[in-house]
file target_23.cif (mmCIF, C-alpha atoms)
data_structure
#
loop_
_atom_site.label_atom_id
_atom_site.label_comp_id
_atom_site.auth_asym_id
_atom_site.auth_seq_id
_atom_site.Cartn_x
_atom_site.Cartn_y
_atom_site.Cartn_z
CA MET H 3 -52.00 -17.56 21.58
CA ASN H 4 -53.57 -21.03 21.79
CA ASN H 5 -54.44 -21.81 25.45
CA TYR H 6 -52.65 -25.16 25.47
CA VAL H 7 -49.49 -23.72 23.91
CA ALA H 8 -49.56 -20.73 26.30
CA ARG H 9 -49.96 -22.98 29.34
CA VAL H 10 -47.12 -25.32 28.36
CA LEU H 11 -44.84 -22.39 27.58
CA GLU H 12 -45.58 -20.74 30.92
CA GLU H 13 -44.96 -23.97 32.84
CA THR H 14 -41.71 -24.56 30.94
CA LYS H 15 -40.45 -21.07 31.79
CA LYS H 16 -41.17 -21.63 35.49
CA LYS H 17 -39.43 -25.01 35.58
CA ASN H 18 -36.39 -23.89 33.57
CA ALA H 19 -36.03 -20.24 34.61
CA ASN H 20 -32.21 -20.31 34.50
CA GLU H 21 -31.91 -21.84 31.03
CA PRO H 22 -32.33 -18.98 28.52
CA GLU H 23 -31.02 -20.77 25.42
CA TYR H 24 -33.33 -23.73 26.00
CA LEU H 25 -36.34 -21.48 26.62
CA GLN H 26 -35.57 -19.50 23.45
CA ALA H 27 -35.56 -22.70 21.38
CA VAL H 28 -38.79 -23.99 22.95
CA GLU H 29 -40.62 -20.69 22.52
CA GLU H 30 -39.54 -20.41 18.88
CA VAL H 31 -40.99 -23.84 18.11
CA LEU H 32 -44.18 -23.65 20.18
CA THR H 33 -45.24 -20.25 18.84
CA THR H 34 -44.90 -21.42 15.23
CA ILE H 35 -46.75 -24.75 15.57
CA GLU H 36 -49.93 -23.17 16.96
CA PRO H 37 -51.91 -23.81 13.75
CA VAL H 38 -51.18 -27.55 14.03
CA VAL H 39 -52.16 -27.66 17.70
CA GLU H 40 -55.40 -25.80 16.88
CA LYS H 41 -56.17 -28.44 14.26
CA HIS H 42 -55.48 -31.32 16.70
CA PRO H 43 -57.17 -30.66 20.07
CA GLU H 44 -56.45 -34.27 21.07
CA TYR H 45 -52.78 -33.33 21.57
CA GLU H 46 -53.64 -31.68 24.89
CA GLU H 47 -55.33 -34.78 26.27
CA LEU H 48 -52.27 -36.81 25.26
CA GLY H 49 -49.90 -34.34 26.96
CA LEU H 50 -48.05 -34.30 23.68
CA LEU H 51 -46.29 -30.94 23.97
CA GLU H 52 -45.21 -31.55 27.55
CA ARG H 53 -43.66 -34.88 26.58
CA MET H 54 -42.01 -33.54 23.45
CA ILE H 55 -40.18 -30.66 25.15
CA GLU H 56 -38.96 -32.70 28.13
CA PRO H 57 -35.77 -34.72 27.43
CA GLU H 58 -36.07 -38.46 27.90
CA ARG H 59 -32.81 -38.45 29.86
CA ILE H 60 -30.01 -36.09 30.93
CA ILE H 61 -26.66 -37.53 32.00
CA THR H 62 -24.18 -35.26 33.81
CA PHE H 63 -20.73 -36.49 34.77
CA ARG H 64 -17.26 -35.48 35.90
CA VAL H 65 -14.23 -35.77 33.63
CA SER H 66 -10.85 -35.87 35.41
CA TRP H 67 -7.64 -35.75 33.41
CA ILE H 68 -3.95 -34.82 33.86
CA ASP H 69 -2.30 -32.04 31.82
CA ASP H 70 1.31 -31.84 30.57
CA ASN H 71 2.43 -30.24 33.84
CA GLY H 72 1.09 -33.12 35.91
CA LYS H 73 -1.85 -31.07 37.20
CA VAL H 74 -5.23 -32.75 37.68
CA ASN H 75 -8.06 -30.98 35.82
CA VAL H 76 -11.78 -31.53 36.31
CA ASN H 77 -14.46 -30.70 33.73
CA ARG H 78 -18.21 -31.12 33.70
CA ALA H 79 -19.78 -33.10 30.86
CA PHE H 80 -23.31 -33.75 29.62
CA ARG H 81 -25.26 -36.05 27.35
CA VAL H 82 -28.86 -35.07 26.69
CA GLN H 83 -30.72 -38.03 25.22
CA TYR H 84 -33.68 -36.01 24.05
CA SER H 85 -35.90 -38.17 21.87
CA SER H 86 -35.72 -41.69 20.47
CA LEU H 87 -39.14 -41.46 18.77
CA ILE H 88 -37.89 -42.14 15.27
CA GLY H 89 -34.45 -43.67 15.85
CA PRO H 90 -31.41 -43.83 18.15
CA TYR H 91 -30.42 -40.53 19.80
CA LYS H 92 -28.19 -38.65 17.36
CA GLY H 93 -26.27 -35.42 17.85
CA GLY H 94 -22.83 -33.94 18.30
CA ILE H 95 -20.38 -33.45 21.15
CA ARG H 96 -19.46 -29.80 21.81
CA LEU H 97 -16.20 -28.98 23.61
CA HIS H 98 -16.23 -25.31 24.60
CA PRO H 99 -15.97 -23.31 27.86
CA THR H 100 -19.54 -22.02 27.44
CA VAL H 101 -21.12 -25.49 27.54
CA ASN H 102 -23.81 -25.83 30.20
CA GLN H 103 -27.09 -27.71 30.63
CA SER H 104 -29.19 -24.98 29.00
CA ILE H 105 -27.08 -24.99 25.83
CA MET H 106 -27.07 -28.80 25.70
CA LYS H 107 -30.87 -28.92 26.06
CA PHE H 108 -31.38 -26.22 23.42
CA LEU H 109 -29.12 -28.05 20.97
CA GLY H 110 -30.77 -31.41 21.73
CA PHE H 111 -34.25 -29.95 21.28
CA GLU H 112 -33.29 -28.40 17.93
CA GLN H 113 -31.73 -31.71 16.92
CA ILE H 114 -34.94 -33.75 17.21
CA PHE H 115 -36.67 -31.44 14.72
CA LYS H 116 -33.66 -31.25 12.41
CA ASN H 117 -33.28 -35.03 12.36
CA SER H 118 -37.00 -35.46 11.73
CA LEU H 119 -36.73 -33.21 8.66
CA THR H 120 -34.02 -35.38 7.07
CA GLY H 121 -36.55 -38.20 6.59
CA LEU H 122 -33.97 -40.61 8.04
CA PRO H 123 -34.52 -42.91 11.08
CA ILE H 124 -32.60 -40.89 13.69
CA GLY H 125 -33.72 -39.44 17.01
CA GLY H 126 -32.20 -36.41 18.70
CA GLY H 127 -29.57 -35.79 21.36
CA LYS H 128 -26.58 -33.61 22.20
CA GLY H 129 -23.57 -33.72 24.47
CA GLY H 130 -20.40 -31.96 25.40
CA SER H 131 -18.18 -30.49 28.08
CA ASP H 132 -16.83 -27.14 29.26
CA PHE H 133 -13.34 -28.37 28.32
CA ASP H 134 -11.52 -25.95 26.00
CA PRO H 135 -9.32 -27.69 23.39
CA LYS H 136 -7.71 -24.38 22.34
CA GLY H 137 -4.06 -24.21 23.35
CA LYS H 138 -3.94 -27.84 24.50
CA SER H 139 -1.32 -30.31 23.28
CA ASP H 140 -2.31 -33.45 21.38
CA ARG H 141 -1.49 -35.51 24.48
CA GLU H 142 -3.77 -33.35 26.65
CA ILE H 143 -6.59 -33.61 24.09
CA MET H 144 -6.14 -37.39 24.07
CA ALA H 145 -6.13 -37.56 27.89
CA PHE H 146 -9.38 -35.60 28.08
CA CYS H 147 -11.11 -37.54 25.27
CA GLN H 148 -10.19 -40.89 26.79
CA ALA H 149 -11.44 -39.84 30.24
CA PHE H 150 -14.62 -38.43 28.68
CA MET H 151 -15.35 -41.63 26.74
CA THR H 152 -14.62 -43.86 29.74
CA GLU H 153 -17.88 -42.61 31.23
CA LEU H 154 -19.85 -41.83 28.05
CA GLN H 155 -19.41 -45.37 26.68
CA ARG H 156 -21.83 -46.65 29.33
CA HIS H 157 -24.66 -44.71 27.70
CA ILE H 158 -24.10 -44.99 23.92
CA GLY H 159 -24.20 -47.60 21.15
CA GLN H 160 -24.97 -47.75 17.44
CA ASP H 161 -28.61 -48.66 18.17
CA VAL H 162 -28.88 -46.51 21.31
CA ASP H 163 -27.10 -43.15 20.96
CA VAL H 164 -24.68 -42.08 18.24
CA PRO H 165 -22.61 -38.95 19.01
CA ALA H 166 -20.64 -36.96 16.43
CA GLY H 167 -18.47 -33.86 16.17
CA ASP H 168 -19.45 -30.27 16.87
CA ILE H 169 -17.63 -27.09 17.94
CA GLY H 170 -14.27 -28.16 19.41
CA THR H 171 -14.74 -31.78 18.37
CA GLY H 172 -13.15 -32.59 15.03
CA ALA H 173 -11.57 -35.65 13.45
CA ARG H 174 -8.75 -35.74 16.01
CA GLU H 175 -11.10 -35.79 19.00
CA ILE H 176 -13.49 -38.31 17.41
CA GLY H 177 -10.51 -40.58 16.73
CA TYR H 178 -9.35 -40.52 20.34
CA MET H 179 -12.89 -41.13 21.58
CA PHE H 180 -13.49 -44.02 19.17
CA GLY H 181 -10.20 -45.66 20.15
CA GLN H 182 -11.11 -45.53 23.83
CA PHE H 183 -14.63 -46.86 23.19
CA LYS H 184 -13.19 -49.78 21.23
CA ARG H 185 -10.60 -50.54 23.92
CA ILE H 186 -13.18 -50.63 26.72
CA ARG H 187 -15.88 -52.53 24.78
CA ASN H 188 -13.45 -54.93 23.09
CA ALA H 189 -15.48 -54.64 19.87
CA TYR H 190 -15.40 -52.67 16.65
CA GLU H 191 -18.81 -50.98 16.66
CA GLY H 192 -18.34 -48.65 13.70
CA GLY H 193 -21.73 -46.96 13.87
CA VAL H 194 -21.32 -45.71 17.46
CA LEU H 195 -19.66 -42.44 16.41
CA THR H 196 -19.88 -40.49 13.18
CA GLY H 197 -17.40 -38.03 11.72
CA LYS H 198 -14.75 -40.76 11.89
CA GLY H 199 -11.59 -40.70 9.81
CA LEU H 200 -11.75 -42.35 6.39
CA SER H 201 -9.17 -44.95 7.42
CA TYR H 202 -11.44 -46.49 10.07
CA GLY H 203 -15.03 -46.20 8.89
CA GLY H 204 -15.77 -42.57 8.12
CA SER H 205 -17.72 -41.32 5.13
CA LEU H 206 -16.52 -39.29 2.22
CA ALA H 207 -18.16 -35.82 2.05
CA ARG H 208 -18.89 -35.76 5.81
CA THR H 209 -16.51 -32.82 6.37
CA GLU H 210 -18.15 -30.83 3.58
CA ALA H 211 -21.72 -31.90 4.34
CA THR H 212 -23.12 -29.09 6.51
CA GLY H 213 -21.70 -26.30 4.36
CA PHE H 214 -22.67 -27.99 1.10
CA GLY H 215 -26.13 -28.79 2.48
CA LEU H 216 -26.70 -25.17 3.52
CA SER H 217 -25.83 -24.06 0.00
CA TYR H 218 -28.20 -26.60 -1.57
CA TYR H 219 -31.05 -25.46 0.69
CA MET H 220 -30.35 -21.80 -0.12
CA ARG H 221 -30.30 -22.62 -3.83
CA GLU H 222 -33.77 -24.17 -3.58
CA MET H 223 -35.11 -21.27 -1.50
CA LEU H 224 -33.81 -18.67 -3.96
CA LYS H 225 -35.22 -20.66 -6.88
CA ALA H 226 -38.67 -20.83 -5.26
CA ASN H 227 -38.73 -17.06 -4.76
CA GLY H 228 -38.42 -15.37 -8.12
CA ASN H 229 -36.28 -18.08 -9.73
CA GLN H 230 -33.16 -16.42 -8.30
CA THR H 231 -29.67 -17.96 -8.02
CA PHE H 232 -26.37 -17.26 -6.26
CA ALA H 233 -24.88 -16.03 -9.55
CA GLY H 234 -23.73 -12.42 -9.32
CA LYS H 235 -24.73 -12.03 -5.65
CA THR H 236 -22.42 -10.95 -2.83
CA VAL H 237 -22.30 -13.16 0.26
CA SER H 238 -20.92 -12.84 3.80
CA ILE H 239 -20.22 -15.98 5.85
CA SER H 240 -19.49 -15.77 9.56
CA GLY H 241 -17.10 -18.29 11.02
CA SER H 242 -14.18 -20.07 9.40
CA GLY H 243 -14.65 -23.65 10.54
CA ASN H 244 -15.95 -26.60 8.52
CA VAL H 245 -19.44 -25.20 7.95
CA ALA H 246 -18.22 -21.78 6.81
CA ILE H 247 -15.36 -23.07 4.67
CA TYR H 248 -17.44 -25.57 2.70
CA ALA H 249 -20.41 -23.24 2.40
CA CYS H 250 -17.95 -20.78 0.87
CA GLN H 251 -16.64 -23.43 -1.53
CA LYS H 252 -20.10 -24.45 -2.75
CA VAL H 253 -21.42 -20.87 -2.98
CA GLN H 254 -18.42 -19.95 -5.11
CA GLU H 255 -19.06 -22.99 -7.33
CA MET H 256 -22.65 -21.77 -7.75
CA GLY H 257 -21.47 -18.34 -8.92
CA GLY H 258 -21.80 -16.37 -5.68
CA LYS H 259 -19.11 -13.89 -4.62
CA VAL H 260 -18.14 -14.43 -0.97
CA VAL H 261 -16.62 -11.16 0.25
CA ALA H 262 -16.29 -11.70 4.03
CA MET H 263 -15.51 -14.39 6.60
CA SER H 264 -14.77 -14.20 10.31
CA ASP H 265 -13.62 -15.78 13.55
CA SER H 266 -14.28 -14.85 17.18
CA ASN H 267 -11.75 -11.98 17.04
CA GLY H 268 -13.00 -10.18 13.92
CA CYS H 269 -13.64 -10.47 10.20
CA VAL H 270 -11.88 -9.97 6.87
CA TYR H 271 -13.48 -8.17 3.94
CA ASP H 272 -12.10 -8.78 0.45
CA GLU H 273 -14.06 -6.93 -2.21
CA ASN H 274 -12.34 -9.04 -4.88
CA GLY H 275 -13.80 -12.20 -3.36
CA ILE H 276 -12.45 -14.40 -0.56
CA ASP H 277 -9.50 -16.61 -1.52
CA LEU H 278 -10.69 -19.87 0.01
CA ALA H 279 -7.31 -21.60 -0.36
CA THR H 280 -5.79 -18.99 1.96
CA ILE H 281 -8.60 -19.42 4.52
CA LYS H 282 -8.14 -23.21 4.44
CA ASP H 283 -4.39 -22.86 4.96
CA ILE H 284 -4.86 -20.50 7.92
CA LYS H 285 -7.60 -22.49 9.64
CA GLU H 286 -7.11 -26.13 8.65
CA VAL H 287 -3.31 -26.28 8.42
CA LYS H 288 -1.83 -23.53 10.60
CA ARG H 289 -4.79 -23.22 13.01
CA GLY H 290 -4.24 -19.46 12.92
CA ARG H 291 -6.49 -16.40 13.19
CA ILE H 292 -8.54 -14.88 10.37
CA LYS H 293 -6.51 -11.63 10.40
CA ASP H 294 -3.57 -13.63 9.00
CA TYR H 295 -5.45 -13.42 5.67
CA LEU H 296 -3.99 -9.93 5.24
CA LYS H 297 -0.45 -11.36 5.19
CA VAL H 298 -1.35 -12.94 1.84
CA HIS H 299 -3.92 -10.40 0.61
CA SER H 300 -2.76 -7.00 1.82
CA ASP H 301 -5.54 -5.20 -0.07
CA ALA H 302 -8.21 -6.90 2.08
CA LYS H 303 -9.54 -5.20 5.23
CA TYR H 304 -9.61 -6.58 8.77
CA MET H 305 -12.31 -5.44 11.19
CA GLU H 306 -11.74 -6.16 14.89
CA ARG H 307 -14.68 -7.33 16.96
CA THR H 308 -15.29 -4.93 19.85
CA SER H 309 -18.82 -5.83 21.01
CA ALA H 310 -21.50 -8.54 20.95
CA ASP H 311 -22.28 -7.53 17.36
CA SER H 312 -19.84 -8.95 14.84
CA PRO H 313 -18.58 -6.34 12.35
CA ILE H 314 -19.21 -8.79 9.50
CA TRP H 315 -22.91 -7.90 9.58
CA THR H 316 -22.18 -4.23 8.80
CA ILE H 317 -20.86 -5.18 5.35
CA LYS H 318 -23.25 -4.64 2.44
CA VAL H 319 -24.17 -8.01 0.88
CA ASP H 320 -27.10 -9.68 -0.85
CA ILE H 321 -26.97 -12.89 1.22
CA ALA H 322 -25.78 -13.51 4.78
CA LEU H 323 -24.84 -16.98 6.04
CA PRO H 324 -24.23 -17.03 9.82
CA CYS H 325 -22.15 -20.18 10.37
CA ALA H 326 -20.36 -19.51 13.68
CA THR H 327 -22.47 -19.97 16.82
CA GLN H 328 -25.83 -19.39 18.51
CA ASN H 329 -27.31 -15.88 18.82
CA GLU H 330 -24.53 -14.23 16.80
CA VAL H 331 -26.99 -12.18 14.74
CA THR H 332 -28.64 -9.74 17.15
CA LEU H 333 -31.50 -7.35 16.39
CA ASN H 334 -28.92 -4.58 15.83
CA SER H 335 -27.06 -6.76 13.33
CA ALA H 336 -30.33 -7.66 11.60
CA LYS H 337 -31.17 -3.98 11.20
CA GLU H 338 -27.73 -3.32 9.69
CA LEU H 339 -28.16 -6.14 7.20
CA VAL H 340 -31.66 -5.01 6.18
CA LYS H 341 -30.51 -1.39 5.87
CA ASN H 342 -27.79 -2.59 3.49
CA GLY H 343 -30.25 -4.51 1.31
CA VAL H 344 -29.85 -8.17 2.33
CA ILE H 345 -32.41 -10.39 0.58
CA ALA H 346 -31.79 -13.75 2.27
CA VAL H 347 -30.27 -15.20 5.45
CA GLY H 348 -29.23 -18.85 5.73
CA GLU H 349 -28.53 -20.28 9.19
CA GLY H 350 -25.49 -22.54 8.97
CA ALA H 351 -24.90 -22.56 12.74
CA ASN H 352 -27.45 -23.73 15.31
CA MET H 353 -29.90 -20.90 16.13
CA PRO H 354 -27.46 -18.14 15.07
CA CYS H 355 -30.18 -15.46 14.93
CA THR H 356 -31.83 -14.20 18.09
CA LYS H 357 -35.62 -14.44 18.19
CA ASP H 358 -35.88 -10.66 17.71
CA ALA H 359 -33.55 -10.79 14.71
CA THR H 360 -35.50 -13.60 13.03
CA GLU H 361 -38.81 -11.78 13.57
CA TYR H 362 -37.30 -8.58 12.15
CA PHE H 363 -36.07 -10.35 9.01
CA LEU H 364 -39.48 -11.93 8.41
CA GLU H 365 -41.26 -8.62 9.04
CA LYS H 366 -39.04 -6.92 6.44
CA GLY H 367 -39.60 -9.63 3.83
CA VAL H 368 -36.11 -11.15 4.06
CA LEU H 369 -36.02 -14.86 3.21
CA VAL H 370 -34.84 -16.92 6.21
CA ALA H 371 -33.51 -20.47 5.92
CA PRO H 372 -33.87 -21.81 9.51
CA ALA H 373 -31.01 -23.76 11.06
CA LYS H 374 -32.93 -26.93 11.82
CA ALA H 375 -33.59 -27.28 8.09
CA ALA H 376 -30.69 -25.48 6.41
CA ASN H 377 -27.85 -27.03 8.41
CA ALA H 378 -29.28 -30.57 8.50
CA GLY H 379 -26.77 -31.72 5.86
CA GLY H 380 -24.23 -32.67 8.50
CA VAL H 381 -26.46 -35.01 10.45
CA ALA H 382 -27.99 -36.38 7.24
CA THR H 383 -24.53 -37.40 6.07
CA SER H 384 -23.79 -38.83 9.51
CA ALA H 385 -26.82 -41.08 9.04
CA ILE H 386 -25.44 -42.07 5.64
CA GLU H 387 -22.15 -42.90 7.42
CA MET H 388 -24.09 -45.11 9.88
CA SER H 389 -25.72 -46.90 6.95
CA GLN H 390 -22.34 -47.53 5.35
CA ASN H 391 -20.96 -48.90 8.63
CA SER H 392 -23.90 -51.31 8.88
CA MET H 393 -23.51 -52.45 5.27
CA ARG H 394 -19.71 -52.75 5.48
CA PHE H 395 -19.74 -50.91 2.17
CA TYR H 396 -18.71 -47.36 1.24
CA TYR H 397 -20.06 -44.86 -1.28
CA THR H 398 -17.93 -42.59 -3.45
CA PHE H 399 -17.77 -38.85 -2.71
CA GLU H 400 -20.05 -38.17 -5.65
CA GLU H 401 -22.62 -40.73 -4.44
CA VAL H 402 -22.75 -39.23 -0.95
CA ASP H 403 -22.93 -35.69 -2.31
CA LYS H 404 -25.79 -36.67 -4.64
CA LYS H 405 -27.72 -38.24 -1.73
CA LEU H 406 -27.08 -35.10 0.36
CA GLU H 407 -28.34 -32.85 -2.43
CA GLY H 408 -31.51 -34.93 -2.71
CA ILE H 409 -32.11 -34.83 1.05
CA MET H 410 -31.66 -31.03 1.24
CA THR H 411 -33.96 -30.52 -1.75
CA ASN H 412 -36.61 -32.64 -0.02
CA ILE H 413 -36.17 -30.78 3.26
CA PHE H 414 -36.81 -27.47 1.54
CA LYS H 415 -39.89 -28.93 -0.16
CA SER H 416 -41.23 -30.13 3.22
CA CYS H 417 -40.75 -26.64 4.73
CA LYS H 418 -42.35 -24.97 1.72
CA ASP H 419 -45.32 -27.34 1.61
CA ALA H 420 -45.99 -27.02 5.35
CA ALA H 421 -45.82 -23.22 5.24
CA GLU H 422 -48.21 -23.11 2.29
CA GLU H 423 -50.62 -25.64 3.83
CA TYR H 424 -51.11 -23.37 6.84
CA GLY H 425 -51.24 -20.14 4.82
CA LEU H 426 -47.84 -18.87 5.99
CA GLY H 427 -46.42 -17.94 2.58
CA ASN H 428 -42.65 -18.16 2.49
CA ASN H 429 -42.15 -18.29 6.27
CA TYR H 430 -39.84 -21.31 6.20
CA VAL H 431 -39.02 -20.90 9.90
CA ALA H 432 -42.61 -21.87 10.73
CA GLY H 433 -42.70 -24.35 7.84
CA ALA H 434 -39.68 -26.27 9.16
CA ASN H 435 -41.10 -26.47 12.67
CA ILE H 436 -44.52 -27.58 11.45
CA ALA H 437 -43.16 -30.24 9.09
CA ALA H 438 -40.85 -31.72 11.73
CA PHE H 439 -43.39 -31.47 14.55
CA SER H 440 -46.13 -33.17 12.53
CA LYS H 441 -43.97 -36.24 11.93
CA LEU H 442 -42.86 -36.43 15.57
CA ALA H 443 -46.43 -35.99 16.82
CA GLU H 444 -47.65 -38.92 14.71
CA ALA H 445 -44.85 -41.12 16.05
CA MET H 446 -45.61 -40.07 19.62
CA LYS H 447 -49.32 -40.86 19.23
CA ALA H 448 -48.54 -44.27 17.72
CA GLN H 449 -46.16 -45.31 20.53
CA GLY H 450 -48.48 -44.54 23.44
CA VAL H 451 -47.71 -42.75 26.67
CA VAL H 452 -44.08 -43.63 27.38
#

call {"tool": "encode", "arguments": {"input": "target_23.cif", "output": "structure tokens"}}
result
Amino acid sequence: MNNYVARVLEETKKKNANEPEYLQAVEEVLTTIEPVVEKHPEYEELGLLERMIEPERIITFRVSWIDDNGKVNVNRAFRVQYSSLIGPYKGGIRLHPTVNQSIMKFLGFEQIFKNSLTGLPIGGGKGGSDFDPKGKSDREIMAFCQAFMTELQRHIGQDVDVPAGDIGTGAREIGYMFGQFKRIRNAYEGGVLTGKGLSYGGSLARTEATGFGLSYYMREMLKANGNQTFAGKTVSISGSGNVAIYACQKVQEMGGKVVAMSDSNGCVYDENGIDLATIKDIKEVKRGRIKDYLKVHSDAKYMERTSADSPIWTIKVDIALPCATQNEVTLNSAKELVKNGVIAVGEGANMPCTKDATEYFLEKGVLVAPAKAANAGGVATSAIEMSQNSMRFYYTFEEVDKKLEGIMTNIFKSCKDAAEEYGLGNNYVAGANIAAFSKLAEAMKAQGVV
């Protein structure tokens, strides 16, 4: 390993010993950009790696709110303003009991590379809270969101930091947050949040963007490797939220046969092909569990989750699209997929494959579409939403989708070109990191030591 990279990695591990997700993300990037660092010895003198992996700012705050029983609840919240090198901080708000500083830093770190790859002027950040929206009434969700935004509004703005949705933060939550921001600031600042409702400044195709973008990236990757397509291939998609649902829709439009989807309790397998209308009804309308699919399609099979390894990865498919959460594909799951003949894996969630799993896929010749490239469609469309807010003008669904398709095609080309430039073949994991890092490094050099 390059001495500079090794030293920075060692120092980072000592300083952040209790933050495993963050360290995993940093190690994955640093070990793949070694060829660039070797080529640019001046980076060490500039302290470039040390500055890039350290967030510009971390804000931690208390959120106090009252539930329907009159009980006071207290949650911890974060905003990691990671890098403003190429634009205002940009990244989602995650509401989930597992949220902690390590996860926020990992997501923020990934975000700066992802946003760099889009080619759009947006920096990287991430935020969230350990609040769990599941089982809460609309009034309780509103009470939390308003309390959360009362503090967060001090630190954000359309030219400063632009949050968006993420796990647990959908259109309802964004609406409550935007309303509170507007009430406190006494101004309509449309570009301060993305993922807004269409009635008050949102963009068409934003809901579909991450899933559609993943599918476009996968299409380009398959095409570049043997001129393959989705047509006639079986596909499993973990999760059943926005990313999974709209990846399923686009894959089916491209001729792929999606045979399995999941939630945190288990997965459904339908050898005839997943009926997406049923999944949408269960998840978007009834907010039910994936096993309810069998009430409509009794010939499908339900597999309960009983361990850290989701049963969805034991199903024989050509293509796997993990779209649920971080580290959901373990080394054991990767071995199952390879044993069953998987040819490609597309990361729809943020860092859904463990480091061991990713290395195993690459070692076995499986094509891997890395999250920071493959799931960038969501944030790219958020940036398009920001542009529309600034212009006071809105694109049609088809116009946004066409721009998204072009962005994802260009992202794949950047990953491919970077991998080939450094003799890494079709290792798009390294290609994505190198392409994003190179742009960020140039911006960092240009702006001096700040």

call {"tool": "resolve_selection", "arguments": {"input": "target_23.cif", "expression": "the PyMOL selection byres ((chain H and resi 309-319) around 10)", "output": "PyMOL selection string"}}
result
chain H and resi 235-241+259-271+304-308+320-324+329-346

call {"tool": "closest_residue", "arguments": {"input": "target_23.cif", "among": "H:Ser118, H:Asn274, H:Ser440, H:Gln113", "to": "Asn352 of chain H", "atoms": "all atoms listed in the file"}}
result
H:Gln113

call {"tool": "atom_distance", "arguments": {"input": "target_23.cif", "atom1": "atom CA of Phe232 of chain H", "atom2": "atom CA of Ile247 of chain H"}}
result
16.6 Å

call {"tool": "atom_distance", "arguments": {"input": "target_23.cif", "atom1": "atom CA of Leu32 of chain H", "atom2": "atom CA of Lys418 of chain H"}}
result
18.6 Å

call {"tool": "closest_residue", "arguments": {"input": "target_23.cif", "among": "H:Thr33, H:Ser389, H:Thr212, H:Ser242", "to": "Tyr6 of chain H", "atoms": "all atoms listed in the file"}}
result
H:Thr33

call {"tool": "residues_around", "arguments": {"input": "target_23.cif", "residues": "segment 73-78 of chain H", "least_positions_apart": "4", "cutoff": "9 Å", "atoms": "all atoms listed in the file", "output": "number ranges by chain"}}
result
H: 62-69, 101-102, 130-133

call {"tool": "atom_distance", "arguments": {"input": "target_23.cif", "atom1": "atom CA of Leu87 of chain H", "atom2": "atom CA of Lys128 of chain H"}}
result
15.2 Å

call {"tool": "closest_residue", "arguments": {"input": "target_23.cif", "among": "H:Gln182, H:Asn227, H:Thr100, H:Asn412", "to": "Ala375 of chain H", "atoms": "all atoms listed in the file"}}
result
H:Asn412

call {"tool": "closest_residue", "arguments": {"input": "target_23.cif", "among": "H:Ser392, H:Ser217, H:Asn429, H:Ser384", "to": "Val368 of chain H", "atoms": "all atoms listed in the file"}}
result
H:Asn429

call {"tool": "resolve_selection", "arguments": {"input": "target_23.cif", "expression": "the PyMOL selection byres ((chain H and resi 137) around 12)", "output": "ChimeraX atom specification"}}
result
/H:69-70,133-136,138-143,170,289-290

call {"tool": "resolve_selection", "arguments": {"input": "target_23.cif", "expression": "the PyMOL selection byres ((chain H and resi 159-165) around 6)", "output": "list in words"}}
result
Pro90, Tyr91, Lys92, Gly93, Gly94, Ile158, Ala166, Gly193, Val194 and Leu195 of chain H

call {"tool": "closest_residue", "arguments": {"input": "target_23.cif", "among": "H:Ile276, H:Met446, H:Ala211, H:Met54", "to": "Lys404 of chain H", "atoms": "all atoms listed in the file"}}
result
H:Ala211

call {"tool": "closest_residue", "arguments": {"input": "target_23.cif", "among": "H:Ala173, H:Ile284, H:Leu442, H:Leu364", "to": "Tyr430 of chain H", "atoms": "all atoms listed in the file"}}
result
H:Leu364

call {"tool": "residues_around", "arguments": {"input": "target_23.cif", "residues": "Ile409 of chain H", "least_positions_apart": "5", "cutoff": "9 Å", "atoms": "all atoms listed in the file", "output": "compact mmCIF listing (two decimals) with C-alpha atoms, keeping the file's coordinate frame"}}
result
# COMPACT_ATOMS: atom_id res chain seq x y z
CA THR H 120 -34.02 -35.38 7.07
CA GLY H 121 -36.55 -38.20 6.59
CA GLY H 215 -26.13 -28.79 2.48
CA GLY H 379 -26.77 -31.72 5.86
CA ALA H 382 -27.99 -36.38 7.24
CA LYS H 404 -25.79 -36.67 -4.64
CA PHE H 414 -36.81 -27.47 1.54

call {"tool": "build_atoms", "arguments": {"input": "target_23.cif", "residues": "segment 60-65 of chain H", "atoms": "N, CA and C atoms", "output": "PDB file, keeping the file's coordinate frame"}}
result
ATOM      1  N   ILE H  60     -31.180 -36.966  30.914  1.00  0.00           N
ATOM      2  CA  ILE H  60     -30.010 -36.090  30.930  1.00  0.00           C
ATOM      3  C   ILE H  60     -28.946 -36.724  31.809  1.00  0.00           C
ATOM      4  N   ILE H  61     -27.770 -36.926  31.256  1.00  0.00           N
ATOM      5  CA  ILE H  61     -26.660 -37.530  32.000  1.00  0.00           C
ATOM      6  C   ILE H  61     -25.607 -36.438  32.223  1.00  0.00           C
ATOM      7  N   THR H  62     -25.231 -36.220  33.480  1.00  0.00           N
ATOM      8  CA  THR H  62     -24.180 -35.260  33.810  1.00  0.00           C
ATOM      9  C   THR H  62     -23.069 -36.009  34.521  1.00  0.00           C
ATOM     10  N   PHE H  63     -21.816 -35.747  34.136  1.00  0.00           N
ATOM     11  CA  PHE H  63     -20.730 -36.490  34.770  1.00  0.00           C
ATOM     12  C   PHE H  63     -19.439 -35.674  34.827  1.00  0.00           C
ATOM     13  N   ARG H  64     -18.565 -36.113  35.691  1.00  0.00           N
ATOM     14  CA  ARG H  64     -17.260 -35.480  35.900  1.00  0.00           C
ATOM     15  C   ARG H  64     -16.231 -36.104  34.973  1.00  0.00           C
ATOM     16  N   VAL H  65     -15.334 -35.271  34.440  1.00  0.00           N
ATOM     17  CA  VAL H  65     -14.230 -35.770  33.630  1.00  0.00           C
ATOM     18  C   VAL H  65     -12.921 -35.285  34.265  1.00  0.00           C
TER      19      VAL H  65
END
